[in-house]
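With mmCIF, C-alpha atoms inside, this is entry_35.cif:
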```
data_entry
#
loop_
_atom_site.group_PDB
_atom_site.id
_atom_site.type_symbol
_atom_site.label_atom_id
_atom_site.label_comp_id
_atom_site.auth_asym_id
_atom_site.auth_seq_id
_atom_site.Cartn_x
_atom_site.Cartn_y
_atom_site.Cartn_z
ATOM 1 C CA MET A 28 0.000 0.000 0.000
ATOM 2 C CA GLY A 29 2.579 2.521 -1.095
ATOM 3 C CA ASN A 30 0.095 5.220 -2.008
ATOM 4 C CA THR A 31 -1.702 5.675 1.311
ATOM 5 C CA LYS A 32 -0.568 9.276 1.365
ATOM 6 C CA SER A 33 -1.987 10.222 -2.020
ATOM 7 C CA SER A 34 -5.334 11.996 -1.763
ATOM 8 C CA ALA A 35 -7.168 9.380 -3.819
ATOM 9 C CA LEU A 36 -7.984 5.846 -2.785
ATOM 10 C CA SER A 37 -6.370 3.137 -4.886
ATOM 11 C CA LYS A 38 -8.780 1.236 -7.147
ATOM 12 C CA GLU A 39 -7.858 -2.093 -5.489
ATOM 13 C CA LEU A 40 -8.523 -0.851 -1.970
ATOM 14 C CA LEU A 41 -11.740 0.854 -3.019
ATOM 15 C CA GLU A 42 -13.048 -2.370 -4.590
ATOM 16 C CA GLU A 43 -11.993 -4.435 -1.571
ATOM 17 C CA LEU A 44 -13.701 -2.105 0.906
ATOM 18 C CA LYS A 45 -16.843 -1.863 -1.219
ATOM 19 C CA SER A 46 -17.193 -5.647 -1.310
ATOM 20 C CA ASN A 47 -16.367 -6.157 2.393
ATOM 21 C CA THR A 48 -18.370 -3.331 3.964
ATOM 22 C CA LYS A 49 -21.736 -1.673 3.524
ATOM 23 C CA TYR A 50 -20.233 1.626 2.315
ATOM 24 C CA SER A 51 -20.637 3.057 -1.178
ATOM 25 C CA GLU A 52 -17.801 4.380 -3.334
ATOM 26 C CA ALA A 53 -18.862 7.979 -2.656
ATOM 27 C CA GLU A 54 -18.968 7.388 1.103
ATOM 28 C CA LEU A 55 -15.557 5.714 1.112
ATOM 29 C CA CYS A 56 -13.974 8.559 -0.842
ATOM 30 C CA THR A 57 -15.473 11.143 1.530
ATOM 31 C CA TRP A 58 -14.310 9.175 4.588
ATOM 32 C CA TYR A 59 -10.849 8.945 3.064
ATOM 33 C CA GLN A 60 -10.568 12.729 2.607
ATOM 34 C CA THR A 61 -11.655 13.243 6.236
ATOM 35 C CA PHE A 62 -9.243 10.549 7.389
ATOM 36 C CA LEU A 63 -6.319 12.231 5.610
ATOM 37 C CA LYS A 64 -7.271 15.630 6.994
ATOM 38 C CA GLU A 65 -7.180 14.271 10.551
ATOM 39 C CA CYS A 66 -4.277 11.884 9.929
ATOM 40 C CA PRO A 67 -2.057 13.355 7.186
ATOM 41 C CA GLY A 68 0.369 10.458 7.574
ATOM 42 C CA GLY A 69 -2.333 8.000 6.558
ATOM 43 C CA LYS A 70 -2.307 6.259 9.947
ATOM 44 C CA ILE A 71 -4.132 6.674 13.251
ATOM 45 C CA SER A 72 -2.025 6.181 16.359
ATOM 46 C CA LYS A 73 -3.393 4.584 19.512
ATOM 47 C CA GLN A 74 -3.376 8.040 21.185
ATOM 48 C CA GLN A 75 -5.420 9.585 18.340
ATOM 49 C CA PHE A 76 -7.845 6.682 18.471
ATOM 50 C CA GLU A 77 -8.268 7.142 22.232
ATOM 51 C CA GLY A 78 -8.838 10.848 21.600
ATOM 52 C CA ILE A 79 -11.639 10.088 19.124
ATOM 53 C CA TYR A 80 -13.253 7.783 21.678
ATOM 54 C CA ALA A 81 -12.852 10.303 24.484
ATOM 55 C CA SER A 82 -14.768 12.908 22.484
ATOM 56 C CA PHE A 83 -17.749 10.536 22.423
ATOM 57 C CA PHE A 84 -17.725 9.995 26.198
ATOM 58 C CA PRO A 85 -17.243 13.353 27.928
ATOM 59 C CA ASN A 86 -18.720 12.029 31.208
ATOM 60 C CA ALA A 87 -16.848 8.740 31.407
ATOM 61 C CA ASP A 88 -13.440 7.157 30.884
ATOM 62 C CA PRO A 89 -13.287 5.158 27.655
ATOM 63 C CA SER A 90 -9.482 4.953 27.456
ATOM 64 C CA LYS A 91 -9.178 1.303 28.560
ATOM 65 C CA TYR A 92 -11.945 0.147 26.225
ATOM 66 C CA ALA A 93 -10.500 2.206 23.364
ATOM 67 C CA GLN A 94 -7.135 0.470 23.883
ATOM 68 C CA HIS A 95 -8.791 -2.948 23.598
ATOM 69 C CA VAL A 96 -10.805 -1.920 20.549
ATOM 70 C CA PHE A 97 -7.643 -0.531 18.955
ATOM 71 C CA ARG A 98 -5.765 -3.781 19.640
ATOM 72 C CA SER A 99 -8.551 -5.862 18.112
ATOM 73 C CA PHE A 100 -8.468 -3.846 14.867
ATOM 74 C CA ASP A 101 -4.721 -3.386 14.545
ATOM 75 C CA THR A 102 -4.562 -6.596 12.523
ATOM 76 C CA ASN A 103 -0.889 -6.285 11.595
ATOM 77 C CA ALA A 104 0.047 -5.233 15.167
ATOM 78 C CA ASP A 105 2.104 -2.222 14.024
ATOM 79 C CA GLY A 106 0.621 0.126 16.634
ATOM 80 C CA THR A 107 -1.355 2.162 14.087
ATOM 81 C CA LEU A 108 -4.563 1.778 12.097
ATOM 82 C CA ASP A 109 -4.411 2.466 8.386
ATOM 83 C CA PHE A 110 -7.481 3.502 6.411
ATOM 84 C CA LYS A 111 -8.487 -0.076 5.629
ATOM 85 C CA GLU A 112 -8.300 -1.180 9.297
ATOM 86 C CA TYR A 113 -10.180 1.972 10.313
ATOM 87 C CA ILE A 114 -13.045 1.426 7.841
ATOM 88 C CA VAL A 115 -13.366 -2.248 8.727
ATOM 89 C CA ALA A 116 -13.546 -1.174 12.386
ATOM 90 C CA LEU A 117 -16.287 1.344 11.664
ATOM 91 C CA HIS A 118 -18.228 -1.130 9.583
ATOM 92 C CA LEU A 119 -18.057 -3.882 12.171
ATOM 93 C CA THR A 120 -18.955 -1.748 15.160
ATOM 94 C CA SER A 121 -21.791 0.112 13.457
ATOM 95 C CA GLY A 122 -23.491 -2.504 11.354
ATOM 96 C CA GLY A 123 -21.484 -5.513 10.287
ATOM 97 C CA LYS A 124 -23.145 -8.903 9.938
ATOM 98 C CA THR A 125 -23.776 -10.660 13.237
ATOM 99 C CA LEU A 126 -21.157 -13.337 12.577
ATOM 100 C CA GLN A 127 -18.484 -10.742 11.729
ATOM 101 C CA LYS A 128 -19.417 -8.757 14.826
ATOM 102 C CA LEU A 129 -19.082 -11.829 17.004
ATOM 103 C CA GLU A 130 -15.720 -12.739 15.484
ATOM 104 C CA TRP A 131 -14.619 -9.214 16.330
ATOM 105 C CA ALA A 132 -16.108 -9.446 19.858
ATOM 106 C CA PHE A 133 -14.126 -12.651 20.387
ATOM 107 C CA ALA A 134 -10.924 -10.898 19.280
ATOM 108 C CA LEU A 135 -11.753 -8.046 21.663
ATOM 109 C CA TYR A 136 -12.134 -10.420 24.628
ATOM 110 C CA ASP A 137 -9.129 -12.559 23.673
ATOM 111 C CA VAL A 138 -6.794 -10.045 25.312
ATOM 112 C CA ASP A 139 -3.595 -12.098 24.974
ATOM 113 C CA GLY A 140 -4.459 -13.281 21.449
ATOM 114 C CA ASN A 141 -4.002 -16.995 22.234
ATOM 115 C CA GLY A 142 -7.273 -18.132 20.613
ATOM 116 C CA ASN A 143 -9.176 -18.735 23.880
ATOM 117 C CA ILE A 144 -10.900 -16.532 26.430
ATOM 118 C CA ASN A 145 -10.454 -17.063 30.166
ATOM 119 C CA LYS A 146 -12.476 -15.532 32.977
ATOM 120 C CA SER A 147 -9.940 -12.823 33.832
ATOM 121 C CA GLU A 148 -10.041 -11.604 30.198
ATOM 122 C CA ILE A 149 -13.846 -11.385 30.382
ATOM 123 C CA LEU A 150 -13.520 -9.357 33.593
ATOM 124 C CA GLU A 151 -10.898 -7.054 32.063
ATOM 125 C CA ILE A 152 -13.121 -6.115 29.104
ATOM 126 C CA VAL A 153 -16.267 -5.843 31.216
ATOM 127 C CA ARG A 154 -14.391 -3.469 33.577
ATOM 128 C CA SER A 155 -13.391 -1.285 30.621
ATOM 129 C CA ILE A 156 -17.052 -1.231 29.495
ATOM 130 C CA PHE A 157 -18.177 -0.186 32.984
ATOM 131 C CA ASN A 158 -15.747 2.753 32.865
ATOM 132 C CA MET A 159 -17.849 4.123 30.017
ATOM 133 C CA ILE A 160 -21.218 3.811 31.769
ATOM 134 C CA PRO A 161 -22.059 7.007 33.688
ATOM 135 C CA ALA A 162 -22.481 6.400 37.446
ATOM 136 C CA GLU A 163 -26.188 7.269 37.419
ATOM 137 C CA ASP A 164 -26.813 4.681 34.661
ATOM 138 C CA GLN A 165 -24.918 2.045 36.653
ATOM 139 C CA LYS A 166 -27.352 2.566 39.541
ATOM 140 C CA VAL A 167 -30.279 1.309 37.473
ATOM 141 C CA LEU A 168 -28.594 -1.868 36.202
ATOM 142 C CA PRO A 169 -30.165 -5.182 37.307
ATOM 143 C CA GLU A 170 -28.901 -6.400 40.694
ATOM 144 C CA ASP A 171 -27.131 -9.448 39.219
ATOM 145 C CA GLU A 172 -25.088 -7.386 36.749
ATOM 146 C CA ASN A 173 -24.514 -4.016 38.419
ATOM 147 C CA SER A 174 -20.758 -4.514 38.873
ATOM 148 C CA PRO A 175 -18.041 -5.758 36.502
ATOM 149 C CA GLU A 176 -17.507 -8.835 38.716
ATOM 150 C CA LYS A 177 -21.209 -9.765 38.740
ATOM 151 C CA ARG A 178 -21.512 -9.275 35.001
ATOM 152 C CA ALA A 179 -18.383 -11.346 34.303
ATOM 153 C CA ASP A 180 -19.760 -14.103 36.595
ATOM 154 C CA LYS A 181 -23.071 -14.038 34.751
ATOM 155 C CA ILE A 182 -21.337 -14.393 31.369
ATOM 156 C CA TRP A 183 -19.130 -17.191 32.695
ATOM 157 C CA GLN A 184 -22.118 -19.079 34.151
ATOM 158 C CA PHE A 185 -24.000 -18.674 30.894
ATOM 159 C CA PHE A 186 -21.243 -20.624 29.126
ATOM 160 C CA GLY A 187 -21.376 -23.231 31.901
ATOM 161 C CA LYS A 188 -17.690 -22.825 32.694
ATOM 162 C CA LYS A 189 -15.705 -23.648 35.823
ATOM 163 C CA GLU A 190 -13.374 -20.993 37.229
ATOM 164 C CA ASN A 191 -10.258 -22.065 35.265
ATOM 165 C CA ASP A 192 -11.951 -23.175 32.027
ATOM 166 C CA LYS A 193 -11.536 -21.430 28.686
ATOM 167 C CA ILE A 194 -13.965 -20.504 25.894
ATOM 168 C CA SER A 195 -13.019 -21.216 22.268
ATOM 169 C CA GLU A 196 -14.073 -18.944 19.404
ATOM 170 C CA GLY A 197 -16.611 -21.480 18.105
ATOM 171 C CA GLU A 198 -18.195 -21.891 21.541
ATOM 172 C CA PHE A 199 -18.320 -18.141 22.024
ATOM 173 C CA ILE A 200 -19.983 -17.424 18.660
ATOM 174 C CA HIS A 201 -22.553 -20.238 18.932
ATOM 175 C CA GLY A 202 -23.379 -19.379 22.531
ATOM 176 C CA VAL A 203 -23.995 -15.724 21.790
ATOM 177 C CA MET A 204 -25.850 -16.346 18.516
ATOM 178 C CA ASP A 205 -28.313 -18.557 20.341
ATOM 179 C CA ASN A 206 -28.985 -16.095 23.127
ATOM 180 C CA LYS A 207 -29.675 -12.407 22.603
ATOM 181 C CA ASP A 208 -29.447 -11.710 26.346
ATOM 182 C CA ILE A 209 -25.792 -12.681 26.473
ATOM 183 C CA LEU A 210 -25.121 -10.439 23.464
ATOM 184 C CA ARG A 211 -26.330 -7.484 25.537
ATOM 185 C CA LEU A 212 -23.959 -8.452 28.376
ATOM 186 C CA ILE A 213 -20.805 -8.763 26.289
ATOM 187 C CA GLN A 214 -21.083 -5.542 24.349
ATOM 188 C CA TYR A 215 -21.131 -1.859 24.963
ATOM 189 C CA ASP A 216 -24.212 -0.504 23.214
ATOM 190 C CA GLU A 217 -23.376 2.769 21.585
ATOM 191 C CA PRO A 218 -25.603 5.501 22.948
ATOM 192 C CA GLN A 219 -27.640 7.312 20.334
ATOM 193 C CA LYS A 220 -25.420 10.399 20.565
ATOM 194 C CA ILE A 221 -22.455 8.379 19.262
ATOM 195 C CA LYS A 222 -24.492 7.104 16.334
ATOM 196 C CA ASP A 223 -25.589 10.678 15.636
ATOM 197 C CA LYS A 224 -22.004 11.902 15.782
ATOM 198 C CA LEU A 225 -20.833 9.201 13.388
ATOM 199 C CA ALA A 226 -23.683 10.074 11.044
ATOM 200 C CA GLU A 227 -22.668 13.747 11.183
ATOM 201 C CA LYS A 228 -19.138 12.843 10.167
ATOM 202 C CA LYS A 229 -20.499 11.057 7.122
ATOM 203 C CA GLN A 230 -22.267 14.192 5.876
#
```
Go ahead and render the structure in this file as structure tokens.
Amino acid sequence: MGNTKSSALSKELLEELKSNTKYSEAELCTWYQTFLKECPGGKISKQQFEGIYASFFPNADPSKYAQHVFRSFDTNADGTLDFKEYIVALHLTSGGKTLQKLEWAFALYDVDGNGNINKSEILEIVRSIFNMIPAEDQKVLPEDENSPEKRADKIWQFFGKKENDKISEGEFIHGVMDNKDILRLIQYDEPQKIKDKLAEKKQ
């Protein structure tokens, strides 16, 4: 990808993104111009990514979650997101197919990247999600999931796991696909204002 810095998207990348995401050619070109304006080097650093997240959550602390999201999308582990990784991230988090979303969710929870999830990894991600939920919203959560520990326990019990067991990707995807309630527990639902902000950026 030698021409990331040119102001036009390469034909190959454009075709690839069109076939792998829900975005149109016009949308992708507009996103690319915006991307280059904000990231003239053609890459987003982890700090910039955290900054974007922070702007969405003025009353909370999304930094930990943003770090995990960044890790899960930095597919070549070079510490930056290029335009392709960025668009795939946007697509997956805002409207990818359920299976793709769950594959991504598994990667998010598989903190050490070893292909399995253990209970401490579940707790780590759930804690980072709780950091983004304003305190007053936490007060109205159901009793059995109103702390990161309780929510992690609930997820773990759902999969029928003992304390030191592990969850494979297949188990994770099938378990969540068959139960919408667990889907709610493992993800951070974007508040409407984030969706509105993303929509604004598309204009």
Residue by residue, what does the PyMOL selection byres ((chain A and resi 195-201) around 7) grab here? Present the result as a list in words.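 So the PyMOL selection byres ((chain A and resi 195-201) around 7) ends up selecting Leu129, Phe133, Gly142, Asn143, Ile144, Lys193, Ile194, Gly202, Val203, Met204 and Asp205 of chain A.
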What residues come out when you apply the PyMOL selection byres ((chain A and resi 178-182) around 8) to this file, written as number ranges by chain? A: 146, 149-150, 153, 171-177, 183-186, 209, 212-213
Write to file, as a compact mmCIF listing (two decimals), in the frame of the given file, the residues of the selection just made, with C-alpha atoms.
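So result_26.txt came out as:
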```txt
# COMPACT_ATOMS: atom_id res chain seq x y z
CA LYS A 146 -12.48 -15.53 32.98
CA ILE A 149 -13.85 -11.38 30.38
CA LEU A 150 -13.52 -9.36 33.59
CA VAL A 153 -16.27 -5.84 31.22
CA ASP A 171 -27.13 -9.45 39.22
CA GLU A 172 -25.09 -7.39 36.75
CA ASN A 173 -24.51 -4.02 38.42
CA SER A 174 -20.76 -4.51 38.87
CA PRO A 175 -18.04 -5.76 36.50
CA GLU A 176 -17.51 -8.84 38.72
CA LYS A 177 -21.21 -9.76 38.74
CA TRP A 183 -19.13 -17.19 32.70
CA GLN A 184 -22.12 -19.08 34.15
CA PHE A 185 -24.00 -18.67 30.89
CA PHE A 186 -21.24 -20.62 29.13
CA ILE A 209 -25.79 -12.68 26.47
CA LEU A 212 -23.96 -8.45 28.38
CA ILE A 213 -20.80 -8.76 26.29
```
Nearest residue to Trp58 (chain A) from the set A:Ala87, A:Ala81, A:Leu41, A:Ile114 (distances using all atoms listed in the file):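 Selected residue with least distance to Trp58 (chain A): A:Ile114.
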Considering only C-alpha atoms, return as a PyMOL selection string whatever protein or nucleic-acid residues lie within 8 Å of Leu119 (chain A), sequence-local ones (same chain, fewer than 5 positions apart) excluded. chain A and resi 124+127-128+131
Dump as an mmCIF file, keeping the file's coordinate frame, selection limited to C-alpha atoms:
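Output contents, as saved in again36.cif:
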```cif
data_model
loop_
_atom_site.group_PDB
_atom_site.id
_atom_site.type_symbol
_atom_site.label_atom_id
_atom_site.label_comp_id
_atom_site.auth_asym_id
_atom_site.auth_seq_id
_atom_site.Cartn_x
_atom_site.Cartn_y
_atom_site.Cartn_z
ATOM 1 C CA LYS A 124 -23.145 -8.903 9.938
ATOM 2 C CA GLN A 127 -18.484 -10.742 11.729
ATOM 3 C CA LYS A 128 -19.417 -8.757 14.826
ATOM 4 C CA TRP A 131 -14.619 -9.214 16.330
#
```
Hey, which of A:Leu63, A:Asn86, A:His118, A:Asp139 ends up closest to Arg98 (chain A)? Count all atoms listed in the file.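 Looking only at the distances to Arg98 (chain A), the closest residue turns out to be A:Asp139.
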Among the residues A:Leu44, A:Ala132, A:Ile152, A:Leu36, the one that comes closest to Leu210 (chain A) [using all atoms listed in the file]: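 Counting all atoms listed in the file, the residue closest to Leu210 (chain A) is A:Ala132.
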Identify, on the basis of all atoms listed in the file, every residue whose closest approach to Ala93 (chain A) does not exceed 10 Å; exclude the query and any residue fewer than 3 positions from it along the same chain; express the result as an MDAnalysis selection string. chainID A and resid 73:74 76:81 88:90 96:99 155:156
Write out the residues from the selection above, keeping C-alpha atoms, as a PDB file, in the frame of the given file.
```
ATOM      1  CA  LYS A  73      -3.393   4.584  19.512  1.00  0.00           C
ATOM      2  CA  GLN A  74      -3.376   8.040  21.185  1.00  0.00           C
ATOM      3  CA  PHE A  76      -7.845   6.682  18.471  1.00  0.00           C
ATOM      4  CA  GLU A  77      -8.268   7.142  22.232  1.00  0.00           C
ATOM      5  CA  GLY A  78      -8.838  10.848  21.600  1.00  0.00           C
ATOM      6  CA  ILE A  79     -11.639  10.088  19.124  1.00  0.00           C
ATOM      7  CA  TYR A  80     -13.253   7.783  21.678  1.00  0.00           C
ATOM      8  CA  ALA A  81     -12.852  10.303  24.484  1.00  0.00           C
ATOM      9  CA  ASP A  88     -13.440   7.157  30.884  1.00  0.00           C
ATOM     10  CA  PRO A  89     -13.287   5.158  27.655  1.00  0.00           C
ATOM     11  CA  SER A  90      -9.482   4.953  27.456  1.00  0.00           C
ATOM     12  CA  VAL A  96     -10.805  -1.920  20.549  1.00  0.00           C
ATOM     13  CA  PHE A  97      -7.643  -0.531  18.955  1.00  0.00           C
ATOM     14  CA  ARG A  98      -5.765  -3.781  19.640  1.00  0.00           C
ATOM     15  CA  SER A  99      -8.551  -5.862  18.112  1.00  0.00           C
ATOM     16  CA  SER A 155     -13.391  -1.285  30.621  1.00  0.00           C
ATOM     17  CA  ILE A 156     -17.052  -1.231  29.495  1.00  0.00           C
TER      18      ILE A 156
END
```
With all atoms listed in the file as the counted atoms, please give the residues lying no more than 9 Å from Phe110 (chain A), apart from itself and same-chain residues fewer than 6 positions off, as a PyMOL selection string. chain A and resi 31+59+62-63+69-71
Name the residues in contact with Thr102 (chain A) at a cut-off of 10 Å, using all atoms listed in the file, excluding same-chain residues fewer than 6 positions from it; report them as an MDAnalysis selection string. chainID A and resid 108:109 112
Could you state the separation of CA of Asp101 (chain A) and CA of Asn145 (chain A) in Å, given to one decimal place?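 Computing it gives 21.5 Å between the two atoms.
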So how many Å separate CA of Gly122 (chain A) and CA of Thr48 (chain A), to one decimal?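 It comes out at 9.0 Å.
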Please report the interatomic distance between CA of Leu135 (chain A) and CA of Val115 (chain A) in Å with one decimal.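 Atom-to-atom, CA of Leu135 (chain A) and CA of Val115 (chain A) are spaced 14.3 Å apart.
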Please report, as lines of an AutoDock Vina configuration file, the centre and edge lengths in Å to one decimal of an axis-aligned box covering all listed atoms of region 60-76 of chain A with 4 Å per side.
```
center_x = -5.6
center_y = 10.1
center_z = 11.9
size_x = 20.0
size_y = 19.0
size_z = 26.6
```
Nearest to Val138 (chain A) by atom-to-atom distance, counting only C-alpha atoms, from A:Thr57, A:Gln94, A:Asn47, A:Gln214: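 Smallest separation from Val138 (chain A) among the options: A:Gln94.
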Given only C-alpha atoms as the counted atoms, nearest of A:Ala53, A:Arg211, A:Ala162, A:Thr107 to Gly68 (chain A):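 For Gly68 (chain A), the nearest of the candidates is A:Thr107.
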My list of candidates is A:Gly140, A:Pro85, A:Pro67, A:Gly106. Which is closest to Ile160 (chain A) when distances are computed with all atoms listed in the file?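 That would be A:Pro85, the residue with the smallest distance to Ile160 (chain A).
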